[in-house]
file entry-v2.cif (mmCIF, N, CA and C atoms)
data_input
#
loop_
_atom_site.label_atom_id
_atom_site.label_comp_id
_atom_site.auth_asym_id
_atom_site.auth_seq_id
_atom_site.Cartn_x
_atom_site.Cartn_y
_atom_site.Cartn_z
N MET A 230 23.75 -7.05 16.48
CA MET A 230 22.62 -7.32 15.61
C MET A 230 21.30 -6.94 16.26
N GLY A 231 21.28 -6.78 17.56
CA GLY A 231 20.04 -6.41 18.24
C GLY A 231 19.54 -5.05 17.81
N ALA A 232 20.47 -4.12 17.55
CA ALA A 232 20.08 -2.77 17.13
C ALA A 232 19.43 -2.81 15.75
N LEU A 233 19.95 -3.65 14.86
CA LEU A 233 19.37 -3.78 13.52
C LEU A 233 17.94 -4.31 13.59
N ARG A 234 17.72 -5.26 14.47
CA ARG A 234 16.37 -5.81 14.62
C ARG A 234 15.40 -4.75 15.15
N ILE A 235 15.86 -3.91 16.06
CA ILE A 235 15.01 -2.84 16.60
C ILE A 235 14.68 -1.83 15.51
N VAL A 236 15.67 -1.46 14.71
CA VAL A 236 15.44 -0.51 13.62
C VAL A 236 14.45 -1.08 12.60
N LEU A 237 14.63 -2.35 12.23
CA LEU A 237 13.71 -2.98 11.28
C LEU A 237 12.29 -3.09 11.85
N THR A 238 12.19 -3.34 13.14
CA THR A 238 10.87 -3.43 13.77
C THR A 238 10.18 -2.07 13.78
N VAL A 239 10.93 -1.01 14.04
CA VAL A 239 10.34 0.34 14.01
C VAL A 239 9.87 0.69 12.60
N ILE A 240 10.69 0.37 11.59
CA ILE A 240 10.29 0.60 10.19
C ILE A 240 9.04 -0.21 9.85
N TYR A 241 8.99 -1.44 10.35
CA TYR A 241 7.84 -2.32 10.12
C TYR A 241 6.56 -1.72 10.71
N ILE A 242 6.65 -1.19 11.90
CA ILE A 242 5.48 -0.57 12.55
C ILE A 242 5.03 0.67 11.78
N ILE A 243 5.99 1.46 11.32
CA ILE A 243 5.64 2.66 10.54
C ILE A 243 4.94 2.26 9.24
N ILE A 244 5.43 1.22 8.58
CA ILE A 244 4.79 0.73 7.34
C ILE A 244 3.38 0.23 7.65
N CYS A 245 3.21 -0.47 8.76
CA CYS A 245 1.87 -0.96 9.13
C CYS A 245 0.88 0.18 9.30
N ILE A 246 1.29 1.21 10.01
CA ILE A 246 0.40 2.36 10.24
C ILE A 246 0.11 3.07 8.92
N ALA A 247 1.14 3.25 8.08
CA ALA A 247 0.94 3.91 6.79
C ALA A 247 -0.01 3.11 5.90
N LEU A 248 0.10 1.78 5.92
CA LEU A 248 -0.80 0.95 5.12
C LEU A 248 -2.25 1.11 5.56
N VAL A 249 -2.47 1.12 6.86
CA VAL A 249 -3.84 1.29 7.37
C VAL A 249 -4.41 2.63 6.91
N ILE A 250 -3.62 3.69 7.03
CA ILE A 250 -4.10 5.03 6.65
C ILE A 250 -4.36 5.09 5.15
N LEU A 251 -3.46 4.54 4.34
CA LEU A 251 -3.65 4.59 2.89
C LEU A 251 -4.85 3.79 2.42
N VAL A 252 -5.07 2.64 3.02
CA VAL A 252 -6.23 1.83 2.63
C VAL A 252 -7.52 2.55 3.00
N LEU A 253 -7.54 3.21 4.14
CA LEU A 253 -8.74 3.95 4.53
C LEU A 253 -8.98 5.18 3.66
N MET A 254 -7.92 5.74 3.09
CA MET A 254 -8.06 6.92 2.23
C MET A 254 -8.60 6.58 0.85
N GLN A 255 -8.44 5.34 0.42
CA GLN A 255 -8.85 4.97 -0.94
C GLN A 255 -10.35 4.83 -1.04
N GLU A 256 -10.84 5.08 -2.25
CA GLU A 256 -12.26 4.94 -2.52
C GLU A 256 -12.62 3.48 -2.65
N GLY A 257 -13.85 3.15 -2.27
CA GLY A 257 -14.32 1.79 -2.41
C GLY A 257 -14.65 1.47 -3.85
N LYS A 258 -14.55 0.21 -4.21
CA LYS A 258 -14.91 -0.23 -5.56
C LYS A 258 -16.39 -0.58 -5.55
N THR A 259 -17.19 0.21 -6.25
CA THR A 259 -18.62 -0.06 -6.30
C THR A 259 -18.93 -0.90 -7.53
N ALA A 260 -19.83 -1.83 -7.36
CA ALA A 260 -20.20 -2.72 -8.46
C ALA A 260 -21.71 -2.65 -8.66
N GLY A 261 -22.11 -2.94 -9.87
CA GLY A 261 -23.53 -3.05 -10.15
C GLY A 261 -24.24 -1.73 -10.38
N LEU A 262 -23.53 -0.72 -10.87
CA LEU A 262 -24.18 0.56 -11.12
C LEU A 262 -24.71 0.67 -12.54
N GLY A 263 -24.48 -0.31 -13.36
CA GLY A 263 -25.07 -0.32 -14.69
C GLY A 263 -24.23 0.39 -15.73
N ALA A 264 -24.91 0.90 -16.77
CA ALA A 264 -24.22 1.48 -17.93
C ALA A 264 -23.50 2.78 -17.58
N VAL A 265 -24.03 3.53 -16.64
CA VAL A 265 -23.38 4.80 -16.29
C VAL A 265 -21.99 4.53 -15.74
N SER A 266 -21.86 3.55 -14.90
CA SER A 266 -20.56 3.22 -14.33
C SER A 266 -19.62 2.69 -15.40
N GLY A 267 -20.12 1.89 -16.31
CA GLY A 267 -19.27 1.33 -17.36
C GLY A 267 -18.69 2.39 -18.27
N ALA A 268 -19.49 3.37 -18.66
CA ALA A 268 -19.02 4.43 -19.54
C ALA A 268 -18.01 5.32 -18.82
N ALA A 269 -18.28 5.64 -17.59
CA ALA A 269 -17.36 6.49 -16.83
C ALA A 269 -16.07 5.75 -16.52
N GLU A 270 -16.16 4.47 -16.30
CA GLU A 270 -14.98 3.68 -15.94
C GLU A 270 -13.98 3.63 -17.09
N THR A 271 -14.45 3.58 -18.33
CA THR A 271 -13.51 3.52 -19.44
C THR A 271 -12.80 4.86 -19.61
N TYR A 272 -13.49 5.96 -19.38
CA TYR A 272 -12.85 7.27 -19.51
C TYR A 272 -11.84 7.50 -18.38
N TRP A 273 -12.27 7.28 -17.16
CA TRP A 273 -11.40 7.55 -16.02
C TRP A 273 -10.30 6.50 -15.89
N GLY A 274 -10.50 5.33 -16.46
CA GLY A 274 -9.50 4.28 -16.39
C GLY A 274 -8.22 4.64 -17.13
N LYS A 275 -8.35 5.49 -18.17
CA LYS A 275 -7.17 5.89 -18.95
C LYS A 275 -6.23 6.77 -18.13
N ASN A 276 -6.79 7.64 -17.30
CA ASN A 276 -5.98 8.59 -16.54
C ASN A 276 -5.87 8.21 -15.07
N LYS A 277 -6.18 6.98 -14.74
CA LYS A 277 -6.20 6.59 -13.34
C LYS A 277 -4.80 6.66 -12.70
N GLY A 278 -3.76 6.35 -13.46
CA GLY A 278 -2.41 6.37 -12.92
C GLY A 278 -1.93 7.77 -12.55
N ARG A 279 -2.50 8.79 -13.18
CA ARG A 279 -2.10 10.17 -12.92
C ARG A 279 -2.93 10.81 -11.82
N SER A 280 -4.03 10.22 -11.46
CA SER A 280 -4.90 10.81 -10.46
C SER A 280 -4.38 10.50 -9.06
N MET A 281 -5.00 11.14 -8.08
CA MET A 281 -4.63 10.90 -6.68
C MET A 281 -4.92 9.46 -6.30
N GLU A 282 -6.02 8.92 -6.80
CA GLU A 282 -6.36 7.52 -6.51
C GLU A 282 -5.30 6.57 -7.07
N GLY A 283 -4.82 6.86 -8.26
CA GLY A 283 -3.78 6.03 -8.87
C GLY A 283 -2.49 6.07 -8.07
N LYS A 284 -2.15 7.26 -7.57
CA LYS A 284 -0.94 7.39 -6.75
C LYS A 284 -1.09 6.62 -5.44
N LEU A 285 -2.28 6.69 -4.85
CA LEU A 285 -2.52 5.95 -3.60
C LEU A 285 -2.38 4.45 -3.82
N VAL A 286 -2.87 3.97 -4.95
CA VAL A 286 -2.76 2.54 -5.25
C VAL A 286 -1.30 2.13 -5.41
N LYS A 287 -0.51 2.96 -6.11
CA LYS A 287 0.90 2.63 -6.31
C LYS A 287 1.67 2.65 -5.00
N ILE A 288 1.41 3.65 -4.16
CA ILE A 288 2.09 3.72 -2.86
C ILE A 288 1.68 2.55 -1.98
N THR A 289 0.40 2.20 -2.00
CA THR A 289 -0.07 1.07 -1.21
C THR A 289 0.59 -0.23 -1.66
N THR A 290 0.74 -0.40 -2.96
CA THR A 290 1.38 -1.60 -3.48
C THR A 290 2.84 -1.68 -3.02
N GLY A 291 3.55 -0.57 -3.11
CA GLY A 291 4.94 -0.54 -2.68
C GLY A 291 5.09 -0.82 -1.19
N LEU A 292 4.22 -0.22 -0.39
CA LEU A 292 4.28 -0.46 1.06
C LEU A 292 3.90 -1.90 1.40
N ALA A 293 2.96 -2.47 0.65
CA ALA A 293 2.57 -3.86 0.92
C ALA A 293 3.73 -4.82 0.61
N ILE A 294 4.48 -4.54 -0.45
CA ILE A 294 5.64 -5.36 -0.76
C ILE A 294 6.69 -5.22 0.33
N GLY A 295 6.93 -3.98 0.78
CA GLY A 295 7.88 -3.76 1.87
C GLY A 295 7.43 -4.44 3.16
N PHE A 296 6.14 -4.40 3.43
CA PHE A 296 5.56 -5.05 4.60
C PHE A 296 5.84 -6.55 4.58
N MET A 297 5.60 -7.18 3.43
CA MET A 297 5.81 -8.62 3.33
C MET A 297 7.29 -8.99 3.44
N LEU A 298 8.15 -8.21 2.79
CA LEU A 298 9.58 -8.50 2.86
C LEU A 298 10.12 -8.34 4.28
N LEU A 299 9.71 -7.27 4.96
CA LEU A 299 10.15 -7.08 6.34
C LEU A 299 9.60 -8.15 7.26
N ALA A 300 8.38 -8.60 7.02
CA ALA A 300 7.82 -9.68 7.83
C ALA A 300 8.64 -10.95 7.69
N ILE A 301 9.07 -11.24 6.46
CA ILE A 301 9.89 -12.44 6.23
C ILE A 301 11.25 -12.28 6.90
N VAL A 302 11.88 -11.11 6.72
CA VAL A 302 13.22 -10.89 7.29
C VAL A 302 13.18 -10.94 8.81
N LEU A 303 12.16 -10.34 9.41
CA LEU A 303 12.09 -10.32 10.87
C LEU A 303 11.80 -11.71 11.46
N ASN A 304 11.19 -12.58 10.68
CA ASN A 304 10.88 -13.92 11.17
C ASN A 304 11.96 -14.96 10.87
N LEU A 305 13.04 -14.55 10.24
CA LEU A 305 14.14 -15.47 9.96
C LEU A 305 14.92 -15.80 11.22
N ASN A 306 14.86 -14.94 12.23
CA ASN A 306 15.56 -15.12 13.50
C ASN A 306 17.07 -15.25 13.31
N VAL A 307 17.64 -14.49 12.41
CA VAL A 307 19.09 -14.49 12.25
C VAL A 307 19.75 -13.36 13.05
N PHE A 308 18.94 -12.51 13.65
CA PHE A 308 19.47 -11.41 14.46
C PHE A 308 19.50 -11.83 15.91
#

call {"tool": "encode", "arguments": {"input": "entry-v2.cif", "output": "structure tokens"}}
result
Amino acid sequence: MGALRIVLTVIYIIICIALVILVLMQEGKTAGLGAVSGAAETYWGKNKGRSMEGKLVKITTGLAIGFMLLAIVLNLNVF
């Protein structure tokens, strides 16, 4: 079981590094820009899932779920 724990730890570290890189690649959410931002947000909000930003959000969500699950599994101490 020691080998399985090492493999899971390596995967965990890779997910951690990928999460940091993906979060840094994403655009910041700006607030308080007024009517211009509101009008643009409704148009771009429709196609957000197809854009690069939408893909980054989906990948980040998946990696965050994997990160949490691996953290729980690695802390069970069953290995």

call {"tool": "closest_residue", "arguments": {"input": "entry-v2.cif", "among": "A:Ile246, A:Ile301, A:Leu285, A:Val307", "to": "Met230 (chain A)", "atoms": "only N, CA and C atoms"}}
result
A:Val307

call {"tool": "residues_around", "arguments": {"input": "entry-v2.cif", "residues": "Phe296 (chain A)", "least_positions_apart": "3", "cutoff": "8 Å", "atoms": "only N, CA and C atoms", "output": "list in words"}}
result
Ile240, Tyr241, Ile244, Cys245, Thr290, Gly291, Leu292, Ala293, Leu299, Ala300, Ile301 and Val302 of chain A

call {"tool": "atom_distance", "arguments": {"input": "entry-v2.cif", "atom1": "atom C of Gly283 (chain A)", "atom2": "atom C of Val239 (chain A)"}}
result
24.7 Å

call {"tool": "resolve_selection", "arguments": {"input": "entry-v2.cif", "expression": "the PyMOL selection byres (((chain A and resi 253-258 and name CA) around 10) and name CA)", "output": "number ranges by chain"}}
result
A: 247-252, 259-260, 281-283, 285-286, 289

call {"tool": "atom_distance", "arguments": {"input": "entry-v2.cif", "atom1": "atom C of Ser280 (chain A)", "atom2": "atom N of Gly295 (chain A)"}}
result
20.8 Å

call {"tool": "atom_distance", "arguments": {"input": "entry-v2.cif", "atom1": "atom N of Leu237 (chain A)", "atom2": "atom N of Leu303 (chain A)"}}
result
8.8 Å

call {"tool": "residues_around", "arguments": {"input": "entry-v2.cif", "residues": "Gly231 (chain A)", "least_positions_apart": "3", "cutoff": "8 Å", "atoms": "only C-alpha atoms", "output": "list in words"}}
result
Arg234, Ile235 and Phe308 of chain A

call {"tool": "write_last_selection", "arguments": {"input": "entry-v2.cif", "atoms": "N, CA and C atoms", "output": "CSV table (one decimal), keeping the file's coordinate frame"}}
result
chain,number,residue,atom,x,y,z
A,234,ARG,N,17.7,-5.3,14.5
A,234,ARG,CA,16.4,-5.8,14.6
A,234,ARG,C,15.4,-4.8,15.2
A,235,ILE,N,15.9,-3.9,16.1
A,235,ILE,CA,15.0,-2.8,16.6
A,235,ILE,C,14.7,-1.8,15.5
A,308,PHE,N,18.9,-12.5,13.6
A,308,PHE,CA,19.5,-11.4,14.5
A,308,PHE,C,19.5,-11.8,15.9

call {"tool": "build_atoms", "arguments": {"input": "entry-v2.cif", "residues": "region 281-307 of chain A", "atoms": "N, CA, C and O atoms", "output": "mmCIF file, in the frame of the given file"}}
result
data_model
loop_
_atom_site.group_PDB
_atom_site.id
_atom_site.type_symbol
_atom_site.label_atom_id
_atom_site.label_comp_id
_atom_site.auth_asym_id
_atom_site.auth_seq_id
_atom_site.Cartn_x
_atom_site.Cartn_y
_atom_site.Cartn_z
ATOM 1 N N MET A 281 -5.000 11.140 -8.080
ATOM 2 C CA MET A 281 -4.630 10.900 -6.680
ATOM 3 C C MET A 281 -4.920 9.460 -6.300
ATOM 4 O O MET A 281 -4.136 8.839 -5.574
ATOM 5 N N GLU A 282 -6.020 8.920 -6.800
ATOM 6 C CA GLU A 282 -6.360 7.520 -6.510
ATOM 7 C C GLU A 282 -5.300 6.570 -7.070
ATOM 8 O O GLU A 282 -4.932 5.594 -6.419
ATOM 9 N N GLY A 283 -4.820 6.860 -8.260
ATOM 10 C CA GLY A 283 -3.780 6.030 -8.870
ATOM 11 C C GLY A 283 -2.490 6.070 -8.070
ATOM 12 O O GLY A 283 -1.818 5.056 -7.890
ATOM 13 N N LYS A 284 -2.150 7.260 -7.570
ATOM 14 C CA LYS A 284 -0.940 7.390 -6.750
ATOM 15 C C LYS A 284 -1.090 6.620 -5.440
ATOM 16 O O LYS A 284 -0.147 5.990 -4.968
ATOM 17 N N LEU A 285 -2.280 6.690 -4.850
ATOM 18 C CA LEU A 285 -2.520 5.950 -3.600
ATOM 19 C C LEU A 285 -2.380 4.450 -3.820
ATOM 20 O O LEU A 285 -1.837 3.738 -2.967
ATOM 21 N N VAL A 286 -2.870 3.970 -4.950
ATOM 22 C CA VAL A 286 -2.760 2.540 -5.250
ATOM 23 C C VAL A 286 -1.300 2.130 -5.410
ATOM 24 O O VAL A 286 -0.874 1.097 -4.891
ATOM 25 N N LYS A 287 -0.510 2.960 -6.110
ATOM 26 C CA LYS A 287 0.900 2.630 -6.310
ATOM 27 C C LYS A 287 1.670 2.650 -5.000
ATOM 28 O O LYS A 287 2.501 1.774 -4.737
ATOM 29 N N ILE A 288 1.410 3.650 -4.160
ATOM 30 C CA ILE A 288 2.090 3.720 -2.860
ATOM 31 C C ILE A 288 1.680 2.550 -1.980
ATOM 32 O O ILE A 288 2.526 1.949 -1.309
ATOM 33 N N THR A 289 0.400 2.200 -2.000
ATOM 34 C CA THR A 289 -0.070 1.070 -1.210
ATOM 35 C C THR A 289 0.590 -0.230 -1.660
ATOM 36 O O THR A 289 0.982 -1.053 -0.839
ATOM 37 N N THR A 290 0.740 -0.400 -2.960
ATOM 38 C CA THR A 290 1.380 -1.600 -3.480
ATOM 39 C C THR A 290 2.840 -1.680 -3.020
ATOM 40 O O THR A 290 3.307 -2.735 -2.579
ATOM 41 N N GLY A 291 3.550 -0.570 -3.110
ATOM 42 C CA GLY A 291 4.940 -0.540 -2.680
ATOM 43 C C GLY A 291 5.090 -0.820 -1.190
ATOM 44 O O GLY A 291 5.970 -1.587 -0.770
ATOM 45 N N LEU A 292 4.220 -0.220 -0.390
ATOM 46 C CA LEU A 292 4.280 -0.460 1.060
ATOM 47 C C LEU A 292 3.900 -1.900 1.400
ATOM 48 O O LEU A 292 4.460 -2.484 2.338
ATOM 49 N N ALA A 293 2.960 -2.470 0.650
ATOM 50 C CA ALA A 293 2.570 -3.860 0.920
ATOM 51 C C ALA A 293 3.730 -4.820 0.610
ATOM 52 O O ALA A 293 3.962 -5.775 1.361
ATOM 53 N N ILE A 294 4.480 -4.540 -0.450
ATOM 54 C CA ILE A 294 5.640 -5.360 -0.760
ATOM 55 C C ILE A 294 6.690 -5.220 0.330
ATOM 56 O O ILE A 294 7.278 -6.208 0.794
ATOM 57 N N GLY A 295 6.930 -3.980 0.780
ATOM 58 C CA GLY A 295 7.880 -3.760 1.870
ATOM 59 C C GLY A 295 7.430 -4.440 3.160
ATOM 60 O O GLY A 295 8.247 -4.997 3.902
ATOM 61 N N PHE A 296 6.140 -4.400 3.430
ATOM 62 C CA PHE A 296 5.560 -5.050 4.600
ATOM 63 C C PHE A 296 5.840 -6.550 4.580
ATOM 64 O O PHE A 296 6.287 -7.130 5.572
ATOM 65 N N MET A 297 5.600 -7.180 3.430
ATOM 66 C CA MET A 297 5.810 -8.620 3.330
ATOM 67 C C MET A 297 7.290 -8.990 3.440
ATOM 68 O O MET A 297 7.638 -9.960 4.113
ATOM 69 N N LEU A 298 8.150 -8.210 2.790
ATOM 70 C CA LEU A 298 9.580 -8.500 2.860
ATOM 71 C C LEU A 298 10.120 -8.340 4.280
ATOM 72 O O LEU A 298 10.893 -9.180 4.759
ATOM 73 N N LEU A 299 9.710 -7.270 4.960
ATOM 74 C CA LEU A 299 10.150 -7.080 6.340
ATOM 75 C C LEU A 299 9.600 -8.150 7.260
ATOM 76 O O LEU A 299 10.289 -8.587 8.193
ATOM 77 N N ALA A 300 8.380 -8.600 7.020
ATOM 78 C CA ALA A 300 7.820 -9.680 7.830
ATOM 79 C C ALA A 300 8.640 -10.950 7.690
ATOM 80 O O ALA A 300 8.918 -11.645 8.674
ATOM 81 N N ILE A 301 9.070 -11.240 6.460
ATOM 82 C CA ILE A 301 9.890 -12.440 6.230
ATOM 83 C C ILE A 301 11.250 -12.280 6.900
ATOM 84 O O ILE A 301 11.730 -13.185 7.588
ATOM 85 N N VAL A 302 11.880 -11.110 6.720
ATOM 86 C CA VAL A 302 13.220 -10.890 7.290
ATOM 87 C C VAL A 302 13.180 -10.940 8.810
ATOM 88 O O VAL A 302 14.062 -11.538 9.437
ATOM 89 N N LEU A 303 12.160 -10.340 9.410
ATOM 90 C CA LEU A 303 12.090 -10.320 10.870
ATOM 91 C C LEU A 303 11.800 -11.710 11.460
ATOM 92 O O LEU A 303 12.145 -11.979 12.612
ATOM 93 N N ASN A 304 11.190 -12.580 10.680
ATOM 94 C CA ASN A 304 10.880 -13.920 11.170
ATOM 95 C C ASN A 304 11.960 -14.960 10.870
ATOM 96 O O ASN A 304 11.811 -16.108 11.213
ATOM 97 N N LEU A 305 13.040 -14.550 10.240
ATOM 98 C CA LEU A 305 14.140 -15.470 9.960
ATOM 99 C C LEU A 305 14.920 -15.800 11.220
ATOM 100 O O LEU A 305 15.613 -16.815 11.266
ATOM 101 N N ASN A 306 14.860 -14.940 12.230
ATOM 102 C CA ASN A 306 15.560 -15.120 13.500
ATOM 103 C C ASN A 306 17.070 -15.250 13.310
ATOM 104 O O ASN A 306 17.711 -16.066 13.975
ATOM 105 N N VAL A 307 17.640 -14.490 12.410
ATOM 106 C CA VAL A 307 19.090 -14.490 12.250
ATOM 107 C C VAL A 307 19.750 -13.360 13.050
ATOM 108 O O VAL A 307 20.950 -13.287 13.118
#
